[in-house]
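Containing mmCIF, C-alpha atoms: run-v8.cif.
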data_input
loop_
_atom_site.group_PDB
_atom_site.id
_atom_site.type_symbol
_atom_site.label_atom_id
_atom_site.label_comp_id
_atom_site.auth_asym_id
_atom_site.auth_seq_id
_atom_site.Cartn_x
_atom_site.Cartn_y
_atom_site.Cartn_z
ATOM 1 C CA MET A 1049 -28.619 112.071 88.177
ATOM 2 C CA THR A 1050 -25.095 113.432 88.335
ATOM 3 C CA ASP A 1051 -22.975 113.483 85.195
ATOM 4 C CA ALA A 1052 -20.552 111.045 86.808
ATOM 5 C CA LEU A 1053 -23.290 108.521 87.630
ATOM 6 C CA LEU A 1054 -24.785 108.874 84.146
ATOM 7 C CA GLU A 1055 -21.398 108.219 82.556
ATOM 8 C CA GLU A 1056 -20.944 105.185 84.792
ATOM 9 C CA LEU A 1057 -24.361 103.841 83.817
ATOM 10 C CA LEU A 1058 -23.589 104.278 80.111
ATOM 11 C CA ALA A 1059 -20.214 102.588 80.578
ATOM 12 C CA ALA A 1060 -21.880 99.654 82.333
ATOM 13 C CA ARG A 1061 -24.339 99.266 79.470
ATOM 14 C CA GLN A 1062 -21.574 99.352 76.882
ATOM 15 C CA ALA A 1063 -19.558 96.809 78.861
ATOM 16 C CA ARG A 1064 -22.734 94.722 79.313
ATOM 17 C CA LYS A 1065 -22.190 94.740 83.075
ATOM 18 C CA PRO A 1066 -25.423 93.885 84.968
ATOM 19 C CA CYS A 1067 -26.553 96.626 87.348
ATOM 20 C CA ALA A 1068 -29.703 98.163 88.794
ATOM 21 C CA LEU A 1069 -30.562 101.850 88.952
ATOM 22 C CA VAL A 1070 -32.134 102.670 92.335
ATOM 23 C CA THR A 1071 -34.009 105.983 92.531
ATOM 24 C CA VAL A 1072 -35.787 107.715 95.400
ATOM 25 C CA ALA A 1073 -39.053 108.236 93.525
ATOM 26 C CA ALA A 1074 -41.093 110.026 96.216
ATOM 27 C CA THR A 1075 -40.795 111.117 99.840
ATOM 28 C CA LYS A 1076 -42.969 112.296 102.735
ATOM 29 C CA GLY A 1077 -41.734 114.100 105.802
ATOM 30 C CA SER A 1078 -38.151 113.890 107.005
ATOM 31 C CA VAL A 1079 -35.988 111.507 104.919
ATOM 32 C CA PRO A 1080 -32.228 110.910 104.386
ATOM 33 C CA ARG A 1081 -32.317 111.983 100.706
ATOM 34 C CA GLU A 1082 -34.898 113.821 98.665
ATOM 35 C CA ALA A 1083 -36.704 112.477 95.605
ATOM 36 C CA GLY A 1084 -34.365 112.092 92.650
ATOM 37 C CA ALA A 1085 -31.402 110.674 94.586
ATOM 38 C CA LYS A 1086 -29.937 107.726 92.699
ATOM 39 C CA MET A 1087 -27.411 104.934 93.058
ATOM 40 C CA LEU A 1088 -26.175 101.988 91.007
ATOM 41 C CA VAL A 1089 -26.049 98.478 92.408
ATOM 42 C CA TYR A 1090 -23.933 95.926 90.549
ATOM 43 C CA LEU A 1091 -24.514 92.193 90.566
ATOM 44 C CA ASP A 1092 -20.977 91.654 91.866
ATOM 45 C CA GLY A 1093 -21.811 93.608 95.049
ATOM 46 C CA LEU A 1094 -20.275 96.972 94.183
ATOM 47 C CA THR A 1095 -22.326 100.167 94.451
ATOM 48 C CA SER A 1096 -21.976 103.750 93.297
ATOM 49 C CA GLY A 1097 -23.798 106.781 94.653
ATOM 50 C CA THR A 1098 -26.128 106.779 97.653
ATOM 51 C CA ILE A 1099 -29.821 107.136 98.483
ATOM 52 C CA GLY A 1100 -29.221 107.897 102.149
ATOM 53 C CA GLY A 1101 -27.097 105.180 103.687
ATOM 54 C CA GLY A 1102 -27.863 103.154 106.796
ATOM 55 C CA LYS A 1103 -30.313 100.279 107.088
ATOM 56 C CA PHE A 1104 -32.646 101.909 104.560
ATOM 57 C CA GLU A 1105 -30.001 101.802 101.846
ATOM 58 C CA ALA A 1106 -28.887 98.294 102.834
ATOM 59 C CA LEU A 1107 -32.440 96.990 102.399
ATOM 60 C CA ALA A 1108 -32.748 98.787 99.062
ATOM 61 C CA ILE A 1109 -29.512 97.152 97.888
ATOM 62 C CA ALA A 1110 -30.827 93.726 98.920
ATOM 63 C CA ASP A 1111 -33.999 94.377 96.922
ATOM 64 C CA ALA A 1112 -31.875 95.491 93.948
ATOM 65 C CA PHE A 1113 -29.984 92.171 94.000
ATOM 66 C CA LEU A 1114 -33.322 90.339 93.994
ATOM 67 C CA CYS A 1115 -34.598 92.414 91.069
ATOM 68 C CA LEU A 1116 -31.430 91.703 89.087
ATOM 69 C CA ARG A 1117 -31.735 87.974 89.661
ATOM 70 C CA GLU A 1118 -35.459 87.908 88.840
ATOM 71 C CA LYS A 1119 -35.164 90.439 85.990
ATOM 72 C CA ARG A 1120 -37.990 92.670 87.210
ATOM 73 C CA SER A 1121 -38.531 96.240 88.370
ATOM 74 C CA LEU A 1122 -39.835 97.169 91.820
ATOM 75 C CA LEU A 1123 -41.602 100.154 93.383
ATOM 76 C CA LYS A 1124 -41.462 99.949 97.187
ATOM 77 C CA THR A 1125 -42.204 102.291 100.091
ATOM 78 C CA PHE A 1126 -40.101 102.269 103.262
ATOM 79 C CA PRO A 1127 -41.579 103.778 106.472
ATOM 80 C CA LEU A 1128 -38.916 105.690 108.389
ATOM 81 C CA ARG A 1129 -40.842 106.136 111.649
ATOM 82 C CA GLU A 1130 -40.267 104.400 114.973
ATOM 83 C CA ASP A 1131 -43.966 103.677 115.472
ATOM 84 C CA GLU A 1132 -44.244 101.686 112.229
ATOM 85 C CA PRO A 1133 -43.797 97.887 112.519
ATOM 86 C CA ASP A 1134 -41.737 97.775 109.312
ATOM 87 C CA SER A 1135 -39.610 100.827 110.040
ATOM 88 C CA PHE A 1136 -36.458 98.747 110.873
ATOM 89 C CA GLY A 1137 -35.592 101.202 113.641
ATOM 90 C CA ALA A 1138 -35.427 104.315 111.480
ATOM 91 C CA ILE A 1139 -36.306 107.534 113.279
ATOM 92 C CA CYS A 1140 -36.325 110.088 110.440
ATOM 93 C CA GLY A 1141 -40.081 110.437 110.727
ATOM 94 C CA GLY A 1142 -41.056 110.243 107.075
ATOM 95 C CA GLU A 1143 -41.222 107.647 104.339
ATOM 96 C CA ALA A 1144 -39.397 107.055 101.079
ATOM 97 C CA THR A 1145 -40.530 105.246 97.949
ATOM 98 C CA ILE A 1146 -37.819 103.776 95.761
ATOM 99 C CA LEU A 1147 -37.886 102.580 92.160
ATOM 100 C CA ILE A 1148 -35.488 99.785 91.214
ATOM 101 C CA GLU A 1149 -34.817 99.370 87.492
ATOM 102 C CA PRO A 1150 -32.543 96.499 86.425
ATOM 103 C CA GLN A 1151 -30.494 97.454 83.390
ATOM 104 C CA MET A 1152 -31.107 94.187 81.596
ATOM 105 C CA MET A 1153 -28.483 92.992 79.188
ATOM 106 C CA ARG A 1154 -29.764 92.277 75.705
ATOM 107 C CA GLU A 1155 -28.324 89.552 73.540
ATOM 108 C CA ALA A 1156 -25.195 90.875 71.895
ATOM 109 C CA LEU A 1157 -24.060 90.628 68.294
ATOM 110 C CA PHE A 1158 -20.402 91.199 67.436
ATOM 111 C CA VAL A 1159 -20.000 91.586 63.691
ATOM 112 C CA VAL A 1160 -16.605 91.213 62.027
ATOM 113 C CA GLY A 1161 -16.749 93.313 58.872
ATOM 114 C CA ALA A 1162 -18.828 96.241 57.656
ATOM 115 C CA GLY A 1163 -19.543 95.444 54.019
ATOM 116 C CA HIS A 1164 -22.953 95.110 52.357
ATOM 117 C CA CYS A 1165 -24.028 91.916 54.144
ATOM 118 C CA ALA A 1166 -22.658 93.113 57.469
ATOM 119 C CA GLN A 1167 -24.510 96.421 57.143
ATOM 120 C CA ALA A 1168 -27.791 94.616 56.476
ATOM 121 C CA ILE A 1169 -27.240 92.287 59.443
ATOM 122 C CA VAL A 1170 -26.429 95.227 61.708
ATOM 123 C CA ARG A 1171 -29.517 97.219 60.667
ATOM 124 C CA LEU A 1172 -31.816 94.286 61.344
ATOM 125 C CA ALA A 1173 -30.092 93.482 64.649
ATOM 126 C CA VAL A 1174 -30.620 97.072 65.810
ATOM 127 C CA GLU A 1175 -34.306 96.849 64.881
ATOM 128 C CA CYS A 1176 -34.526 93.627 66.921
ATOM 129 C CA GLY A 1177 -33.146 95.462 69.955
ATOM 130 C CA LEU A 1178 -29.823 93.656 70.186
ATOM 131 C CA PHE A 1179 -26.607 95.136 71.525
ATOM 132 C CA VAL A 1180 -24.407 95.472 68.421
ATOM 133 C CA GLN A 1181 -20.695 96.079 68.005
ATOM 134 C CA VAL A 1182 -18.881 96.092 64.670
ATOM 135 C CA ILE A 1183 -15.176 95.369 64.254
ATOM 136 C CA GLU A 1184 -13.703 96.801 61.054
ATOM 137 C CA ASP A 1185 -10.431 98.449 60.019
ATOM 138 C CA ARG A 1186 -12.024 100.684 57.365
ATOM 139 C CA THR A 1187 -13.168 103.699 59.345
ATOM 140 C CA GLU A 1188 -15.165 105.121 56.441
ATOM 141 C CA LEU A 1189 -17.495 102.112 56.654
ATOM 142 C CA LEU A 1190 -17.862 102.405 60.410
ATOM 143 C CA GLU A 1191 -19.185 105.936 59.915
ATOM 144 C CA THR A 1192 -22.146 104.605 57.904
ATOM 145 C CA LEU A 1193 -23.467 102.358 60.692
ATOM 146 C CA PRO A 1194 -26.781 103.110 62.449
ATOM 147 C CA ALA A 1195 -26.900 105.117 65.659
ATOM 148 C CA GLY A 1196 -26.435 103.089 68.801
ATOM 149 C CA VAL A 1197 -23.960 100.647 67.259
ATOM 150 C CA LEU A 1198 -20.566 100.445 68.939
ATOM 151 C CA ARG A 1199 -17.715 100.815 66.480
ATOM 152 C CA GLU A 1200 -14.319 99.189 66.946
ATOM 153 C CA SER A 1201 -11.694 100.376 64.478
ATOM 154 C CA ALA A 1202 -9.347 97.426 64.855
ATOM 155 C CA ALA A 1203 -6.511 96.493 62.539
ATOM 156 C CA SER A 1204 -6.979 92.881 63.642
ATOM 157 C CA ALA A 1205 -10.394 91.453 64.435
ATOM 158 C CA ALA A 1206 -8.629 88.315 65.641
ATOM 159 C CA GLU A 1207 -6.802 90.300 68.320
ATOM 160 C CA PHE A 1208 -10.012 92.030 69.408
ATOM 161 C CA ILE A 1209 -11.770 88.677 69.769
ATOM 162 C CA ALA A 1210 -8.868 87.268 71.780
ATOM 163 C CA THR A 1211 -9.048 90.092 74.338
ATOM 164 C CA ARG A 1212 -12.696 89.522 75.384
ATOM 165 C CA GLU A 1213 -14.257 87.138 77.859
ATOM 166 C CA TRP A 1214 -17.178 85.819 75.850
ATOM 167 C CA GLN A 1215 -20.600 85.066 77.332
ATOM 168 C CA PRO A 1216 -23.363 82.577 76.378
ATOM 169 C CA ASP A 1217 -25.699 85.383 75.263
ATOM 170 C CA GLU A 1218 -23.157 86.787 72.796
ATOM 171 C CA ALA A 1219 -22.823 85.946 69.111
ATOM 172 C CA ILE A 1220 -19.793 86.354 66.850
ATOM 173 C CA VAL A 1221 -20.769 86.833 63.202
ATOM 174 C CA ILE A 1222 -17.836 86.794 60.784
ATOM 175 C CA VAL A 1223 -18.614 88.496 57.466
ATOM 176 C CA SER A 1224 -15.435 90.355 56.529
ATOM 177 C CA ARG A 1225 -14.164 91.189 53.060
ATOM 178 C CA ASN A 1226 -11.794 88.249 52.467
ATOM 179 C CA HIS A 1227 -11.160 84.638 53.382
ATOM 180 C CA GLU A 1228 -7.946 85.278 55.286
ATOM 181 C CA LEU A 1229 -9.557 87.781 57.648
ATOM 182 C CA ASP A 1230 -12.487 85.425 58.188
ATOM 183 C CA ARG A 1231 -10.160 82.496 58.863
ATOM 184 C CA ASP A 1232 -8.060 84.400 61.393
ATOM 185 C CA ALA A 1233 -11.129 85.781 63.171
ATOM 186 C CA LEU A 1234 -12.669 82.312 63.320
ATOM 187 C CA ALA A 1235 -9.464 80.782 64.660
ATOM 188 C CA SER A 1236 -9.375 83.413 67.398
ATOM 189 C CA ALA A 1237 -13.037 82.829 68.275
ATOM 190 C CA LEU A 1238 -12.443 79.095 68.637
ATOM 191 C CA ARG A 1239 -9.456 79.723 70.894
ATOM 192 C CA SER A 1240 -11.537 82.105 73.049
ATOM 193 C CA PRO A 1241 -14.526 79.939 73.996
ATOM 194 C CA GLY A 1242 -17.650 81.138 75.724
ATOM 195 C CA ALA A 1243 -19.744 82.791 73.009
ATOM 196 C CA GLY A 1244 -23.164 81.251 72.511
ATOM 197 C CA TYR A 1245 -22.913 81.473 68.732
ATOM 198 C CA ILE A 1246 -20.064 81.568 66.215
ATOM 199 C CA GLY A 1247 -20.867 81.863 62.518
ATOM 200 C CA MET A 1248 -18.944 82.566 59.316
ATOM 201 C CA ILE A 1249 -20.243 83.589 55.917
ATOM 202 C CA GLY A 1250 -19.157 81.802 52.776
ATOM 203 C CA SER A 1251 -19.885 79.102 50.248
ATOM 204 C CA THR A 1252 -19.573 75.429 51.114
ATOM 205 C CA ARG A 1253 -16.291 75.383 49.195
ATOM 206 C CA LYS A 1254 -14.898 78.347 51.145
ATOM 207 C CA VAL A 1255 -15.956 76.844 54.466
ATOM 208 C CA ARG A 1256 -14.297 73.541 53.597
ATOM 209 C CA HIS A 1257 -11.072 75.336 52.623
ATOM 210 C CA VAL A 1258 -11.003 77.441 55.815
ATOM 211 C CA PHE A 1259 -11.714 74.405 57.981
ATOM 212 C CA GLU A 1260 -8.853 72.497 56.335
ATOM 213 C CA GLN A 1261 -6.494 75.378 57.119
ATOM 214 C CA LEU A 1262 -7.648 75.488 60.735
ATOM 215 C CA ARG A 1263 -7.243 71.741 61.140
ATOM 216 C CA ALA A 1264 -3.670 72.163 59.916
ATOM 217 C CA GLN A 1265 -3.214 74.735 62.715
ATOM 218 C CA GLY A 1266 -4.376 72.206 65.290
ATOM 219 C CA VAL A 1267 -8.040 73.153 65.626
ATOM 220 C CA THR A 1268 -10.037 70.035 66.472
ATOM 221 C CA GLY A 1269 -13.038 68.705 64.632
ATOM 222 C CA GLU A 1270 -15.043 69.086 67.827
ATOM 223 C CA ALA A 1271 -14.293 72.815 67.887
ATOM 224 C CA LEU A 1272 -15.134 73.240 64.204
ATOM 225 C CA ALA A 1273 -18.463 71.484 64.752
ATOM 226 C CA MET A 1274 -19.496 74.466 66.904
ATOM 227 C CA VAL A 1275 -19.243 76.836 63.931
ATOM 228 C CA HIS A 1276 -22.362 77.752 61.980
ATOM 229 C CA ALA A 1277 -21.018 77.839 58.445
ATOM 230 C CA PRO A 1278 -22.234 78.596 55.905
ATOM 231 C CA ILE A 1279 -23.896 81.085 58.223
ATOM 232 C CA GLY A 1280 -27.653 81.488 58.560
ATOM 233 C CA LEU A 1281 -30.741 79.352 58.031
ATOM 234 C CA ASP A 1282 -31.177 77.846 54.585
ATOM 235 C CA ILE A 1283 -34.003 79.980 53.219
ATOM 236 C CA GLY A 1284 -32.517 80.431 49.759
ATOM 237 C CA ALA A 1285 -31.221 83.868 50.736
ATOM 238 C CA ASP A 1286 -29.588 85.839 47.944
ATOM 239 C CA SER A 1287 -29.628 89.578 48.683
ATOM 240 C CA PRO A 1288 -27.917 91.171 51.714
ATOM 241 C CA SER A 1289 -31.337 91.788 53.282
ATOM 242 C CA GLU A 1290 -32.360 88.152 52.879
ATOM 243 C CA ILE A 1291 -29.013 86.995 54.248
ATOM 244 C CA ALA A 1292 -29.560 89.271 57.261
ATOM 245 C CA VAL A 1293 -32.936 87.633 57.942
ATOM 246 C CA SER A 1294 -31.436 84.139 57.749
ATOM 247 C CA VAL A 1295 -28.499 85.070 60.006
ATOM 248 C CA LEU A 1296 -30.527 86.873 62.690
ATOM 249 C CA ALA A 1297 -33.117 84.095 62.783
ATOM 250 C CA GLU A 1298 -30.386 81.523 63.377
ATOM 251 C CA VAL A 1299 -28.535 83.654 65.932
ATOM 252 C CA LEU A 1300 -31.647 84.343 68.013
ATOM 253 C CA ALA A 1301 -32.784 80.725 67.843
ATOM 254 C CA ILE A 1302 -29.410 79.494 69.113
ATOM 255 C CA LEU A 1303 -28.994 82.136 71.826
ATOM 256 C CA ARG A 1304 -32.547 81.570 73.052
ATOM 257 C CA LYS A 1305 -32.168 77.786 72.898
ATOM 258 C CA ARG A 1306 -34.866 77.326 70.304
ATOM 259 C CA ARG A 1307 -34.686 74.828 67.480
ATOM 260 C CA PRO A 1308 -33.481 76.710 64.382
#
Would you mind writing the structure in this file as structure tokens?
Amino acid sequence: MTDALLEELLAARQARKPCALVTVAATKGSVPREAGAKMLVYLDGLTSGTIGGGKFEALAIADAFLCLREKRSLLKTFPLREDEPDSFGAICGGEATILIEPQMMREALFVVGAGHCAQAIVRLAVECGLFVQVIEDRTELLETLPAGVLRESAASAAEFIATREWQPDEAIVIVSRNHELDRDALASALRSPGAGYIGMIGSTRKVRHVFEQLRAQGVTGEALAMVHAPIGLDIGADSPSEIAVSVLAEVLAILRKRRP
């Protein structure tokens, strides 16, 4: 894989953009590209790289679309000889086996804050295999996060939230260091619909106070009813680790349409 294609694949994963990696896994005889040739096929129809072009590549792209829709990998051999009934007119004389690997998007957790509770939530989310991004203005806390976590050093979490197009398999978990930051982040999340889960940490009293402030700003009761607050399942959680368990259990249940 070329450095450019690898960087593009990593960028697609970070942007949570669905794509399939198509690789020429094995060849026999004369073929357009040797084993190891790769290309990316995006769900929106764009491609990058090539495995040989022509009808062979067009059929591989069609199979890649199917694999993306069905969320499965595929190993398939294409005969490239005129005398083969399935050769689609190819005259190279050999055969090529391709491997199609959909880069499946995991559920995503966007955590506002990087304090003790946030750190515990992030660690557990990473262990569960979720895509995790943390939004925090204190860079020293971002440096303590586990490997693989995206870090967004943003002065305003509310502005970061407002810039994204949220998806049903994404969760916004608001656990920052003060009520004002939580309120502003929550207001932004409610004005930027699309996320499958929105939750905010806090006592019943804090939640009531924040909701009253948001109602005064024009946020409807219907919108506030979408918020999971106080956040997490009621398991009597006390420590950051217990809070993390209650939050992740609720997030996964909601995103996977299970009864929490």
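In this structure, CA of Thr1095 in chain A sits 20.8 Å away from CA of Thr1125 in chain A.
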(request) Pull out every residue that the PyMOL selection byres ((chain A and resi 1298) around 10) matches in the shown coordinates and put them as a list in words. (result) Tyr1245, Gly1247, His1276, Ile1279, Gly1280, Leu1281, Asp1282, Ala1292, Val1293, Ser1294, Val1295, Leu1296, Ala1297, Val1299, Leu1300, Ala1301, Ile1302, Leu1303, Arg1304, Arg1306, Arg1307 and Pro1308 of chain A
(message) Taking the file as I've supplied it (selection: the PyMOL selection byres ((chain A and resi 1215) around 9)), which residues are included? Please answer as a list in words.
(response) Glu1213, Trp1214, Pro1216, Asp1217, Glu1218, Ala1219, Pro1241, Gly1242, Ala1243 and Gly1244 of chain A
(message) What's around range 1060-1065 of chain A at 8 Å? Count all atoms listed in the file, leave out sequence neighbours fewer than 5 positions away in its own chain, and write the answer as a PyMOL selection string.
(response) chain A and resi 1090+1151+1153
(request) Check which residues satisfy the PyMOL selection byres ((chain A and resi 1077) around 6) in the file shown, then give them as a ChimeraX atom specification. (result) /A:1076,1078,1142
Okay, now the selection with C-alpha atoms, as an mmCIF file, keeping the file's coordinate frame?
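Result saved to part.cif:
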data_model
loop_
_atom_site.group_PDB
_atom_site.id
_atom_site.type_symbol
_atom_site.label_atom_id
_atom_site.label_comp_id
_atom_site.auth_asym_id
_atom_site.auth_seq_id
_atom_site.Cartn_x
_atom_site.Cartn_y
_atom_site.Cartn_z
ATOM 1 C CA LYS A 1076 -42.969 112.296 102.735
ATOM 2 C CA SER A 1078 -38.151 113.890 107.005
ATOM 3 C CA GLY A 1142 -41.056 110.243 107.075
#
(request) Find, counting all atoms listed in the file, the residue in A:Ala1206, A:Ile1222, A:Ile1099, A:Cys1115 that gets nearest to Leu1157 in chain A. (result) A:Ile1222
Can you list, as a PDB file with C-alpha atoms, in the coordinates of the input, every protein, DNA or RNA residue that comes within 6 Å of Glu1143 in chain A when you count all atoms listed in the file, leaving out same-chain residues fewer than 5 positions away?
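To be explicit, this is the file written out as selection-v4.pdb:
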ATOM      1  CA  THR A1075     -40.795 111.117  99.840  1.00  0.00           C
ATOM      2  CA  LYS A1076     -42.969 112.296 102.735  1.00  0.00           C
ATOM      3  CA  PHE A1126     -40.101 102.269 103.262  1.00  0.00           C
ATOM      4  CA  PRO A1127     -41.579 103.778 106.472  1.00  0.00           C
ATOM      5  CA  LEU A1128     -38.916 105.690 108.389  1.00  0.00           C
TER       6      LEU A1128
END
(message) Quick check, in Å to one decimal: how far apart do CA of Arg1239 in chain A and CA of Thr1268 in chain A lie?
(response)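 Separation between CA of Arg1239 in chain A and CA of Thr1268 in chain A: 10.7 Å.
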(request) Name all residues at most 12 Å from Arg1120 in chain A (count all atoms listed in the file; drop same-chain ones fewer than 3 positions away) and give them as a list in words. (result)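 Once the adjacent positions are removed, what remains is Ala1068, Leu1069, Asp1111, Ala1112, Phe1113, Leu1114, Cys1115, Leu1116, Arg1117, Leu1123, Leu1147, Ile1148, Glu1149, Pro1150, Gln1151 and Met1152 of chain A.
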(request) Anything within 12 Å of (-5.5, 95.2, 65.5): list those residues as a ChimeraX atom specification, counting all atoms listed in the file and sticking to the file's coordinates. (result) /A:1183-1186,1200-1211,1229,1232-1233
(message) One decimal, in Å: what's the spacing between CA of Gly1093 in chain A and CA of Ala1073 in chain A?
(response) 22.7 Å
(request) Identify which of the residues A:Gly1284, A:Gly1266, A:Gly1196, A:Pro1066 lies closest to Leu1178 in chain A, counting only C-alpha atoms when measuring atom-to-atom distances. (result) A:Gly1196
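The neighbours of Val1197 in chain A here are the residues that come within 8 Å of it, using all atoms listed in the file and leaving out any residue fewer than 3 positions away in the same chain; they are Val1174, Phe1179, Val1180, Gln1181, Val1182, Leu1193 and Pro1194 of chain A.
If you measure from each of A:Leu1057, A:Ile1283, A:Ala1277, A:Ile1146 to Gly1084 in chain A using all atoms listed in the file, the closest one turns out to be A:Ile1146.
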Give me the residues within 12 Å of Lys1254 in chain A as a compact mmCIF listing (two decimals) with C-alpha atoms, keeping the file's coordinate frame, counting only C-alpha atoms and dropping any in the same chain fewer than 5 places off.
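Generated file (result.txt):
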# COMPACT_ATOMS: atom_id res chain seq x y z
CA ASN A 1226 -11.79 88.25 52.47
CA HIS A 1227 -11.16 84.64 53.38
CA GLU A 1228 -7.95 85.28 55.29
CA ASP A 1230 -12.49 85.42 58.19
CA ARG A 1231 -10.16 82.50 58.86
CA MET A 1248 -18.94 82.57 59.32
CA ILE A 1249 -20.24 83.59 55.92
CA PHE A 1259 -11.71 74.40 57.98
CA GLU A 1260 -8.85 72.50 56.34
CA GLN A 1261 -6.49 75.38 57.12
CA ALA A 1277 -21.02 77.84 58.44
CA PRO A 1278 -22.23 78.60 55.90
CA ILE A 1279 -23.90 81.08 58.22
(message) For a quick check of understanding, using all atoms listed in the file, which of A:Thr1050, A:Ser1096, A:Ser1121, A:Thr1192 has the smallest distance to His1164 in chain A?
(response)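 Ranking A:Thr1050, A:Ser1096, A:Ser1121, A:Thr1192 by distance to His1164 in chain A, first place goes to A:Thr1192.
Closest to Val1072 in chain A among A:Glu1175, A:Glu1105, A:Glu1056, A:Glu1155 is A:Glu1105, based on all atoms listed in the file.
Minimum distance to Ser1224 in chain A across A:Ala1110, A:Ser1289, A:Gly1250, A:Met1274 (counting all atoms listed in the file) occurs at A:Gly1250.
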